[in-house]
file protein.txt (compact mmCIF, C-alpha atoms)
# COMPACT_ATOMS: atom_id res chain seq x y z
CA MET K 202 19.88 -37.67 20.03
CA ILE K 203 21.15 -37.62 16.44
CA ASP K 204 17.75 -36.33 15.35
CA LEU K 205 18.21 -33.39 17.69
CA TYR K 206 21.63 -32.56 16.20
CA VAL K 207 20.21 -32.76 12.68
CA GLN K 208 17.38 -30.46 13.64
CA ALA K 209 19.74 -27.98 15.32
CA ALA K 210 22.02 -28.03 12.26
CA GLY K 211 19.00 -27.37 10.04
CA ILE K 212 18.02 -24.35 12.10
CA VAL K 213 21.57 -22.99 12.01
CA VAL K 214 21.71 -23.37 8.22
CA LEU K 215 18.37 -21.59 7.85
CA LEU K 216 19.54 -18.83 10.19
CA ILE K 217 22.72 -18.29 8.19
CA LEU K 218 20.85 -18.34 4.87
CA GLY K 219 18.20 -15.99 6.25
CA TYR K 220 20.81 -13.65 7.67
CA LEU K 221 22.91 -13.51 4.49
CA PHE K 222 20.13 -13.18 1.94
CA GLY K 223 17.87 -11.13 4.18
CA GLN K 224 20.51 -8.59 5.16
CA ILE K 225 21.89 -8.24 1.64
CA SER K 226 18.46 -7.68 0.14
CA GLU K 227 17.52 -5.29 2.94
CA ARG K 228 20.65 -3.19 2.50
CA ARG K 229 20.09 -3.07 -1.27
CA HIS K 230 16.48 -2.12 -0.78
CA PHE K 231 17.35 0.74 1.58
CA LYS K 232 19.89 2.00 -0.94
CA ARG K 233 17.29 1.94 -3.72
CA LEU K 234 14.74 3.64 -1.46
CA ARG K 235 17.10 6.52 -0.67
CA LYS K 236 17.88 7.02 -4.33
CA ARG K 237 14.23 7.03 -5.37
CA GLU K 238 13.25 9.29 -2.49
CA VAL K 239 15.75 11.90 -3.63
CA ALA K 240 14.51 11.56 -7.22
CA THR K 241 10.86 12.08 -6.23
CA ALA K 242 11.42 14.70 -3.52
CA PHE K 243 9.99 17.46 -5.75
CA LEU K 244 6.46 16.09 -5.28
CA PRO K 245 5.05 17.12 -1.89
CA VAL K 246 2.94 14.50 -0.15
CA VAL K 247 0.86 15.85 2.70
CA ALA K 248 -1.60 14.42 5.20
CA THR K 249 -3.84 17.50 5.10
CA ARG K 250 -7.51 16.93 4.41
CA TYR K 251 -8.13 20.30 2.80
CA PRO K 252 -7.00 20.70 -0.81
CA PRO K 253 -5.40 23.89 -2.16
CA THR K 254 -7.70 26.41 -3.81
CA ASP K 255 -5.07 28.57 -5.53
CA GLN K 256 -5.96 27.22 -8.99
CA PRO K 257 -8.28 24.61 -10.52
CA TYR K 258 -7.11 21.04 -10.09
CA GLN K 259 -8.24 17.72 -11.40
CA GLN K 260 -8.25 15.04 -8.73
CA LEU K 261 -7.11 11.47 -9.06
CA LEU K 262 -6.98 8.76 -6.45
CA VAL K 263 -3.48 7.25 -6.48
CA SER K 264 -2.21 4.30 -4.50
CA GLY K 265 0.78 2.05 -4.06
CA ASN K 266 1.03 -1.25 -2.25
CA VAL K 267 3.63 -3.80 -1.33
CA VAL K 268 3.68 -7.15 0.46
CA ILE K 269 6.93 -7.77 2.25
CA ALA K 270 8.07 -10.95 3.98
CA SER K 271 10.35 -11.27 6.95
CA ASP K 272 13.24 -13.76 6.77
CA TYR K 273 14.12 -16.68 9.01
CA PHE K 274 16.81 -14.74 10.85
CA LYS K 275 14.53 -11.80 11.59
CA GLY K 276 11.84 -14.14 12.89
CA PHE K 277 14.31 -15.90 15.16
CA LEU K 278 15.81 -12.65 16.45
CA ALA K 279 12.36 -11.21 17.09
CA GLY K 280 11.54 -14.33 19.10
CA LEU K 281 14.63 -13.76 21.25
CA ILE K 282 13.90 -10.06 21.77
CA ASN K 283 10.38 -11.02 22.76
CA LEU K 284 11.78 -12.90 25.78
CA PHE K 285 13.30 -9.75 27.23
CA GLY K 286 10.99 -7.15 25.75
CA GLY K 287 12.06 -3.95 24.05
CA ARG K 288 12.25 -2.65 20.52
CA VAL K 289 11.86 -5.35 17.92
CA THR K 290 14.24 -3.71 15.47
CA PRO K 291 14.22 -6.49 12.83
CA PHE K 292 10.49 -5.92 12.27
CA GLU K 293 10.80 -2.15 12.58
CA SER K 294 13.15 -2.03 9.61
CA MET K 295 10.91 -4.40 7.66
CA LEU K 296 7.86 -2.17 8.14
CA ASP K 297 9.89 0.95 7.43
CA ARG K 298 10.88 -0.55 4.08
CA ALA K 299 7.29 -1.48 3.29
CA ARG K 300 5.94 1.99 4.16
CA ARG K 301 8.56 3.82 2.14
CA GLU K 302 8.18 1.46 -0.82
CA SER K 303 4.40 1.84 -0.93
CA LEU K 304 4.68 5.62 -0.62
CA LEU K 305 7.16 5.70 -3.51
CA ARG K 306 4.89 3.57 -5.69
CA MET K 307 2.05 5.95 -4.94
CA LYS K 308 4.27 8.91 -5.82
CA ASP K 309 5.28 7.24 -9.10
CA ALA K 310 1.59 6.95 -10.02
CA ALA K 311 1.06 10.61 -9.13
CA ILE K 312 4.10 11.76 -11.12
CA GLU K 313 2.90 9.78 -14.14
CA ALA K 314 -0.37 11.71 -13.94
CA ASN K 315 1.51 15.06 -13.80
CA ALA K 316 0.31 15.82 -10.30
CA THR K 317 1.89 18.62 -8.29
CA TYR K 318 0.68 17.51 -4.86
CA VAL K 319 -0.72 14.43 -3.17
CA PHE K 320 -3.23 15.24 -0.42
CA ASN K 321 -4.80 13.36 2.46
CA ILE K 322 -2.40 10.46 2.42
CA LYS K 323 -3.48 7.40 4.37
CA PHE K 324 -1.68 4.19 5.25
CA ASP K 325 -3.33 0.82 5.72
CA THR K 326 -1.23 -2.01 7.20
CA THR K 327 -2.35 -5.62 7.39
CA ARG K 328 -0.73 -8.87 8.33
CA ILE K 329 -1.06 -11.33 5.49
CA ALA K 330 -0.84 -14.62 7.32
CA THR K 331 -0.59 -17.90 5.45
CA GLY K 332 0.27 -20.53 7.99
CA ARG K 333 3.77 -19.85 9.35
CA LEU K 334 4.32 -17.04 6.91
CA ALA K 335 4.98 -13.62 8.42
CA ALA K 336 4.25 -11.03 5.78
CA MET K 337 2.84 -7.54 5.92
CA GLU K 338 0.98 -5.55 3.35
CA VAL K 339 1.20 -1.78 3.36
CA LEU K 340 -1.09 0.32 1.19
CA ALA K 341 -0.54 4.04 0.75
CA TYR K 342 -3.20 6.13 -0.95
CA GLY K 343 -4.07 9.75 -1.42
CA THR K 344 -5.56 12.27 -3.79
CA ALA K 345 -3.25 13.53 -6.50
CA MET K 346 -3.88 17.14 -7.50
CA ILE K 347 -3.30 17.72 -11.21
CA PRO K 348 -3.32 21.37 -12.34
CA LEU K 349 -6.07 21.77 -14.94
CA ASP K 350 -4.43 24.42 -17.08
CA THR K 351 -1.32 22.38 -17.84
CA THR K 352 -1.06 19.82 -20.59
CA PRO K 353 1.55 17.08 -20.10
CA ASP K 354 4.00 19.02 -22.29
CA THR K 355 3.95 22.23 -20.32
CA VAL K 356 4.08 20.97 -16.76
CA VAL K 357 6.49 23.02 -14.72
CA VAL K 358 7.95 21.05 -11.88
CA THR K 359 9.89 22.93 -9.26
CA GLU K 360 13.18 21.20 -8.66
CA HIS K 361 14.25 20.63 -5.07
CA MET O 192 -17.04 8.96 -11.99
CA LEU O 193 -14.81 10.95 -9.69
CA VAL O 194 -13.30 9.02 -6.80
CA SER O 195 -11.45 10.90 -4.10
CA ASN O 196 -10.43 10.50 -0.50
CA LEU O 197 -10.92 14.22 0.09
CA GLU O 198 -14.14 15.60 1.51
CA ILE O 199 -14.06 18.95 -0.23
CA LEU O 200 -13.63 19.56 -3.94
CA PRO O 201 -12.70 23.12 -4.84
CA GLY O 202 -14.55 24.19 -7.96
CA HIS O 203 -17.46 21.82 -7.38
CA THR O 204 -20.62 22.02 -5.31
CA ILE O 205 -22.24 18.99 -3.77
CA VAL O 206 -25.90 19.22 -4.74
CA ARG O 207 -27.06 15.91 -3.28
CA HIS O 208 -25.79 13.39 -0.74
CA LEU O 209 -26.71 9.85 -1.71
CA GLY O 210 -25.37 7.96 1.27
CA LEU O 211 -22.76 5.34 1.88
CA VAL O 212 -21.60 3.09 -0.93
CA GLN O 213 -19.29 0.15 -0.46
CA GLY O 214 -17.56 -2.66 -2.22
CA SER O 215 -15.63 -5.65 -1.02
CA SER O 216 -13.65 -8.52 -2.43
CA VAL O 217 -12.14 -11.61 -0.83
CA ARG O 218 -9.42 -13.34 -2.76
CA SER O 219 -6.83 -16.00 -2.22
CA LYS O 220 -3.86 -17.38 -4.08
CA HIS O 221 -3.47 -20.84 -5.53
CA VAL O 222 -1.35 -23.27 -3.51
CA GLY O 223 1.69 -22.94 -5.80
CA ARG O 224 1.97 -19.25 -5.02
CA ASP O 225 1.61 -19.97 -1.31
CA ILE O 226 4.46 -22.49 -1.43
CA ALA O 227 6.67 -20.03 -3.31
CA ALA O 228 5.84 -17.39 -0.72
CA THR O 229 6.74 -19.73 2.13
CA LEU O 230 10.15 -20.30 0.54
CA LYS O 231 10.63 -16.60 0.02
CA ASN O 232 9.82 -16.15 3.70
CA LEU O 233 13.16 -17.78 4.58
CA PHE O 234 15.12 -15.13 2.71
CA GLY O 235 12.90 -12.09 3.06
CA GLY O 236 11.93 -9.58 0.41
CA GLU O 237 8.86 -8.64 -1.52
CA LEU O 238 6.16 -11.22 -2.26
CA ARG O 239 5.25 -9.94 -5.71
CA GLY O 240 2.43 -12.43 -6.26
CA TYR O 241 0.63 -11.18 -3.18
CA THR O 242 1.26 -7.53 -4.03
CA GLU O 243 -0.47 -8.07 -7.40
CA LEU O 244 -3.24 -10.15 -5.87
CA LEU O 245 -4.15 -7.48 -3.35
CA SER O 246 -3.87 -4.74 -5.94
CA ASP O 247 -6.28 -6.58 -8.29
CA SER O 248 -8.58 -7.32 -5.40
CA ARG O 249 -8.62 -3.62 -4.47
CA ASP O 250 -9.50 -2.67 -8.05
CA GLU O 251 -12.36 -5.14 -7.98
CA ALA O 252 -13.69 -3.82 -4.66
CA THR O 253 -13.49 -0.27 -6.02
CA ASP O 254 -15.37 -1.30 -9.19
CA ARG O 255 -18.14 -2.81 -7.07
CA MET O 256 -18.39 0.38 -5.04
CA LEU O 257 -18.58 2.44 -8.23
CA GLU O 258 -21.36 0.20 -9.59
CA GLN O 259 -23.34 0.90 -6.45
CA ALA O 260 -22.67 4.61 -6.76
CA LYS O 261 -23.84 4.56 -10.37
CA ALA O 262 -27.00 2.71 -9.36
CA VAL O 263 -28.00 5.46 -6.94
CA GLY O 264 -27.30 8.14 -9.55
CA ALA O 265 -24.07 9.56 -8.14
CA ASN O 266 -21.35 11.14 -10.25
CA ALA O 267 -18.68 11.11 -7.55
CA VAL O 268 -17.64 9.17 -4.47
CA LEU O 269 -15.93 11.24 -1.82
CA ASN O 270 -13.95 10.55 1.34
CA ILE O 271 -13.27 6.95 0.45
CA ARG O 272 -11.34 4.64 2.80
CA TYR O 273 -9.72 1.28 2.24
CA SER O 274 -9.58 -1.38 4.88
CA THR O 275 -7.89 -4.77 4.66
CA SER O 276 -8.19 -7.79 6.88
CA SER O 277 -6.70 -11.18 6.65
CA ILE O 278 -9.62 -13.48 7.36
CA ALA O 279 -8.06 -16.92 6.91
CA ALA O 280 -4.75 -18.44 5.95
CA GLY O 281 -4.12 -17.25 2.40
CA ALA O 282 -7.21 -15.10 2.02
CA ALA O 283 -7.70 -11.40 2.58
CA GLU O 284 -10.74 -9.19 2.43
CA ILE O 285 -10.50 -5.76 0.91
CA PHE O 286 -13.23 -3.34 1.79
CA VAL O 287 -13.70 0.11 0.36
CA TYR O 288 -16.37 2.62 1.30
CA GLY O 289 -17.21 6.23 0.65
CA THR O 290 -19.97 8.78 0.33
CA ALA O 291 -21.85 8.91 -2.96
CA VAL O 292 -22.70 12.45 -4.03
CA GLU O 293 -23.97 14.37 -6.97
CA LEU O 294 -21.58 17.14 -7.95
CA GLN O 295 -22.18 20.24 -9.96
CA ASP O 296 -19.44 22.32 -11.53
CA ASP O 297 -19.27 25.87 -10.26
call {"tool": "encode", "arguments": {"input": "protein.txt", "output": "structure tokens"}}
result
Amino acid sequence: MIDLYVQAAGIVVLLILGYLFGQISERRHFKRLRKREVATAFLPVVATRYPPTDQPYQQLLVSGNVVIASDYFKGFLAGLINLFGGRVTPFESMLDRARRESLLRMKDAAIEANATYVFNIKFDTTRIATGRLAAMEVLAYGTAMIPLDTTPDTVVVTEH
Amino acid sequence: MLVSNLEILPGHTIVRHLGLVQGSSVRSKHVGRDIAATLKNLFGGELRGYTELLSDSRDEATDRMLEQAKAVGANAVLNIRYSTSSIAAGAAEIFVYGTAVELQDD
């Protein structure tokens, strides 16, 4: 009986720790994402397969990836939601963070290369499972279009 | 060697199709990293070790694909796709494939 109480107490502690640390880091991450998204909004990222032909471009494959873990609280909550069905919001926000983070990393690589567009963007999502670990990897990749007639010093970037 | 996930390259003409080229890489982390990741899993957040691992693995797979492309005499690989699968606890396979072509500047 005492064993059971100890186990229950352990789970409660893990839930509280998971909730506190998980929620704080998630809120901070969302804040950072918003800031970086505004800062990189001048670079259009499109899912079109056909590149622009208005001027000569150099092409460069750019990518960004991130592996993100869920926390104990999210896992527990998802388990509860699973009983009744419906939207598993704790995992939705986790994947949203991962997608936006990988896209931003890809954009950073494109900006560093002085690209003016990123074309044919693709996402690849995989569960990275190591035992009880619930972690997802998101890869974003696309073709950065770098205008050929501009040297790094003379790149004109249209502000948003 | 030009690598792109587009099918059409303005300003270039494809003079020869050389077929499918591919590269793959399976990697895993040492146990220490796995334990650290399990701990991190309680609190959530990014697992940096795995992010780097998969990124390195992807570079390796791409290099292998490019070697193949070079061997068949290509100067570009077009329409490439990445695919990732977790094949066992702690190991993931990265696969990359594309069409090897010979390009000529217009």
call {"tool": "residues_around", "arguments": {"input": "protein.txt", "residues": "Asp254 of chain O", "least_positions_apart": "4", "cutoff": "10 Å", "atoms": "all atoms listed in the file", "output": "list in words"}}
result
Gln213, Gly214, Ser215, Ser248, Arg249, Asp250, Glu258, Gln259, Ala260 and Val287 of chain O
call {"tool": "closest_atom_pairs", "arguments": {"input": "protein.txt", "of": "chain O", "to": "chain K", "cutoff": "9 Å", "atoms": "only C-alpha atoms", "output": "Markdown table"}}
result
| residue | atom | partner | partner_atom | distance |
| --- | --- | --- | --- | --- |
| O:Leu193 | CA | K:Leu261 | CA | 7.7 |
| O:Val194 | CA | K:Leu262 | CA | 6.3 |
| O:Ser195 | CA | K:Leu262 | CA | 5.5 |
| O:Asn196 | CA | K:Thr344 | CA | 6.1 |
| O:Leu197 | CA | K:Arg250 | CA | 6.1 |
| O:Glu198 | CA | K:Arg250 | CA | 7.4 |
| O:Ile199 | CA | K:Tyr251 | CA | 6.8 |
| O:Leu200 | CA | K:Pro252 | CA | 7.4 |
| O:Pro201 | CA | K:Thr254 | CA | 6.1 |
| O:Gly202 | CA | K:Pro257 | CA | 6.8 |
| O:Asp225 | CA | K:Thr331 | CA | 7.4 |
| O:Ala228 | CA | K:Leu334 | CA | 7.8 |
| O:Thr229 | CA | K:Leu334 | CA | 6.0 |
| O:Lys231 | CA | K:Ala270 | CA | 7.4 |
| O:Asn232 | CA | K:Asp272 | CA | 5.2 |
| O:Leu233 | CA | K:Asp272 | CA | 4.6 |
| O:Phe234 | CA | K:Asp272 | CA | 4.7 |
| O:Gly235 | CA | K:Asp272 | CA | 4.1 |
| O:Gly236 | CA | K:Ala270 | CA | 5.4 |
| O:Glu237 | CA | K:Ile269 | CA | 4.3 |
| O:Leu238 | CA | K:Val268 | CA | 5.5 |
| O:Arg239 | CA | K:Val268 | CA | 7.0 |
| O:Gly240 | CA | K:Val268 | CA | 8.6 |
| O:Tyr241 | CA | K:Val268 | CA | 6.2 |
| O:Thr242 | CA | K:Val268 | CA | 5.1 |
| O:Glu243 | CA | K:Val267 | CA | 8.5 |
| O:Leu245 | CA | K:Asn266 | CA | 8.2 |
| O:Ser246 | CA | K:Asn266 | CA | 7.1 |
| O:Arg272 | CA | K:Lys323 | CA | 8.5 |
| O:Tyr273 | CA | K:Asp325 | CA | 7.3 |
| O:Ser274 | CA | K:Asp325 | CA | 6.7 |
| O:Thr275 | CA | K:Thr327 | CA | 6.2 |
| O:Ser276 | CA | K:Thr327 | CA | 6.3 |
| O:Ser277 | CA | K:Ile329 | CA | 5.8 |
| O:Ile278 | CA | K:Ala330 | CA | 8.9 |
| O:Ala279 | CA | K:Ala330 | CA | 7.6 |
| O:Ala280 | CA | K:Thr331 | CA | 4.2 |
| O:Gly281 | CA | K:Thr331 | CA | 4.7 |
| O:Ala282 | CA | K:Thr331 | CA | 8.0 |
| O:Ala283 | CA | K:Ile329 | CA | 7.3 |
call {"tool": "atom_distance", "arguments": {"input": "protein.txt", "atom1": "atom CA of Val289 of chain K", "atom2": "atom CA of Gly211 of chain K"}}
result
24.5 Å
call {"tool": "atom_distance", "arguments": {"input": "protein.txt", "atom1": "atom CA of Pro245 of chain K", "atom2": "atom CA of Lys232 of chain K"}}
result
21.2 Å
call {"tool": "atom_distance", "arguments": {"input": "protein.txt", "atom1": "atom CA of Leu244 of chain O", "atom2": "atom CA of Ile226 of chain O"}}
result
15.2 Å
call {"tool": "residues_near_point", "arguments": {"input": "protein.txt", "point": "(-20.3, 17.4, -2.3)", "cutoff": "6 Å", "atoms": "only C-alpha atoms", "output": "list in words"}}
result
Thr204, Ile205, Val292 and Leu294 of chain O
call {"tool": "residues_around", "arguments": {"input": "protein.txt", "residues": "Thr241 of chain K", "least_positions_apart": "3", "cutoff": "8 Å", "atoms": "all atoms listed in the file", "output": "list in words"}}
result
Arg237, Glu238, Leu244, Leu305, Lys308 and Asp309 of chain K
call {"tool": "write_last_selection", "arguments": {"input": "protein.txt", "atoms": "C-alpha atoms", "output": "PDB file, in the coordinates of the input"}}
result
ATOM      1  CA  ARG K 237      14.230   7.030  -5.370  1.00  0.00           C
ATOM      2  CA  GLU K 238      13.250   9.290  -2.490  1.00  0.00           C
ATOM      3  CA  LEU K 244       6.460  16.090  -5.280  1.00  0.00           C
ATOM      4  CA  LEU K 305       7.160   5.700  -3.510  1.00  0.00           C
ATOM      5  CA  LYS K 308       4.270   8.910  -5.820  1.00  0.00           C
ATOM      6  CA  ASP K 309       5.280   7.240  -9.100  1.00  0.00           C
TER       7      ASP K 309
END
call {"tool": "build_atoms", "arguments": {"input": "protein.txt", "residues": "segment 274-307 of chain K", "atoms": "N, CA and C atoms", "output": "short mmCIF file (atom, residue, chain, number, x, y, z; two decimals), in the frame of the given file"}}
result
data_model
loop_
_atom_site.label_atom_id
_atom_site.label_comp_id
_atom_site.auth_asym_id
_atom_site.auth_seq_id
_atom_site.Cartn_x
_atom_site.Cartn_y
_atom_site.Cartn_z
N PHE K 274 15.97 -15.35 9.83
CA PHE K 274 16.81 -14.74 10.85
C PHE K 274 16.05 -13.68 11.65
N LYS K 275 15.32 -12.84 10.94
CA LYS K 275 14.53 -11.80 11.59
C LYS K 275 13.51 -12.41 12.55
N GLY K 276 12.85 -13.47 12.06
CA GLY K 276 11.84 -14.14 12.89
C GLY K 276 12.45 -14.69 14.16
N PHE K 277 13.61 -15.30 14.03
CA PHE K 277 14.31 -15.90 15.16
C PHE K 277 14.74 -14.82 16.16
N LEU K 278 15.33 -13.75 15.62
CA LEU K 278 15.81 -12.65 16.45
C LEU K 278 14.63 -11.99 17.20
N ALA K 279 13.54 -11.83 16.48
CA ALA K 279 12.36 -11.21 17.09
C ALA K 279 11.86 -12.08 18.25
N GLY K 280 11.94 -13.40 18.05
CA GLY K 280 11.54 -14.33 19.10
C GLY K 280 12.40 -14.16 20.35
N LEU K 281 13.70 -13.96 20.13
CA LEU K 281 14.63 -13.76 21.25
C LEU K 281 14.35 -12.45 21.98
N ILE K 282 14.16 -11.38 21.18
CA ILE K 282 13.90 -10.06 21.77
C ILE K 282 12.62 -10.11 22.61
N ASN K 283 11.68 -10.89 22.09
CA ASN K 283 10.38 -11.02 22.76
C ASN K 283 10.51 -11.56 24.18
N LEU K 284 11.57 -12.34 24.43
CA LEU K 284 11.78 -12.90 25.78
C LEU K 284 12.08 -11.79 26.79
N PHE K 285 12.86 -10.81 26.32
CA PHE K 285 13.30 -9.75 27.23
C PHE K 285 12.49 -8.46 27.08
N GLY K 286 11.74 -8.38 26.01
CA GLY K 286 10.99 -7.15 25.75
C GLY K 286 11.88 -6.11 25.11
N GLY K 287 11.28 -5.03 24.66
CA GLY K 287 12.06 -3.95 24.05
C GLY K 287 11.74 -3.77 22.58
N ARG K 288 12.51 -2.95 21.93
CA ARG K 288 12.25 -2.65 20.52
C ARG K 288 12.59 -3.85 19.65
N VAL K 289 11.62 -4.23 18.83
CA VAL K 289 11.86 -5.35 17.92
C VAL K 289 12.38 -4.76 16.60
N THR K 290 13.65 -4.41 16.62
CA THR K 290 14.24 -3.71 15.47
C THR K 290 14.17 -4.47 14.15
N PRO K 291 14.29 -5.81 14.13
CA PRO K 291 14.22 -6.49 12.83
C PRO K 291 12.88 -6.24 12.12
N PHE K 292 11.79 -6.17 12.90
CA PHE K 292 10.49 -5.92 12.27
C PHE K 292 10.27 -4.44 12.01
N GLU K 293 10.91 -3.60 12.82
CA GLU K 293 10.80 -2.15 12.58
C GLU K 293 11.37 -1.80 11.21
N SER K 294 12.54 -2.37 10.90
CA SER K 294 13.15 -2.03 9.61
C SER K 294 12.34 -2.61 8.47
N MET K 295 11.73 -3.77 8.70
CA MET K 295 10.91 -4.40 7.66
C MET K 295 9.70 -3.50 7.32
N LEU K 296 9.04 -3.01 8.37
CA LEU K 296 7.86 -2.17 8.14
C LEU K 296 8.24 -0.81 7.57
N ASP K 297 9.40 -0.31 7.98
CA ASP K 297 9.89 0.95 7.43
C ASP K 297 10.09 0.82 5.92
N ARG K 298 10.68 -0.30 5.51
CA ARG K 298 10.88 -0.55 4.08
C ARG K 298 9.54 -0.60 3.34
N ALA K 299 8.60 -1.32 3.94
CA ALA K 299 7.29 -1.48 3.29
C ALA K 299 6.58 -0.14 3.15
N ARG K 300 6.62 0.69 4.20
CA ARG K 300 5.94 1.99 4.16
C ARG K 300 6.56 2.88 3.09
N ARG K 301 7.89 2.93 3.10
CA ARG K 301 8.56 3.82 2.14
C ARG K 301 8.36 3.33 0.71
N GLU K 302 8.38 2.02 0.51
CA GLU K 302 8.18 1.46 -0.82
C GLU K 302 6.77 1.78 -1.33
N SER K 303 5.77 1.59 -0.48
CA SER K 303 4.40 1.84 -0.93
C SER K 303 4.19 3.32 -1.23
N LEU K 304 4.79 4.17 -0.40
CA LEU K 304 4.68 5.62 -0.62
C LEU K 304 5.32 6.00 -1.96
N LEU K 305 6.48 5.39 -2.26
CA LEU K 305 7.16 5.70 -3.51
C LEU K 305 6.35 5.23 -4.71
N ARG K 306 5.72 4.07 -4.58
CA ARG K 306 4.89 3.57 -5.69
C ARG K 306 3.71 4.49 -5.93
N MET K 307 3.15 5.00 -4.81
CA MET K 307 2.05 5.95 -4.94
C MET K 307 2.53 7.22 -5.63
#
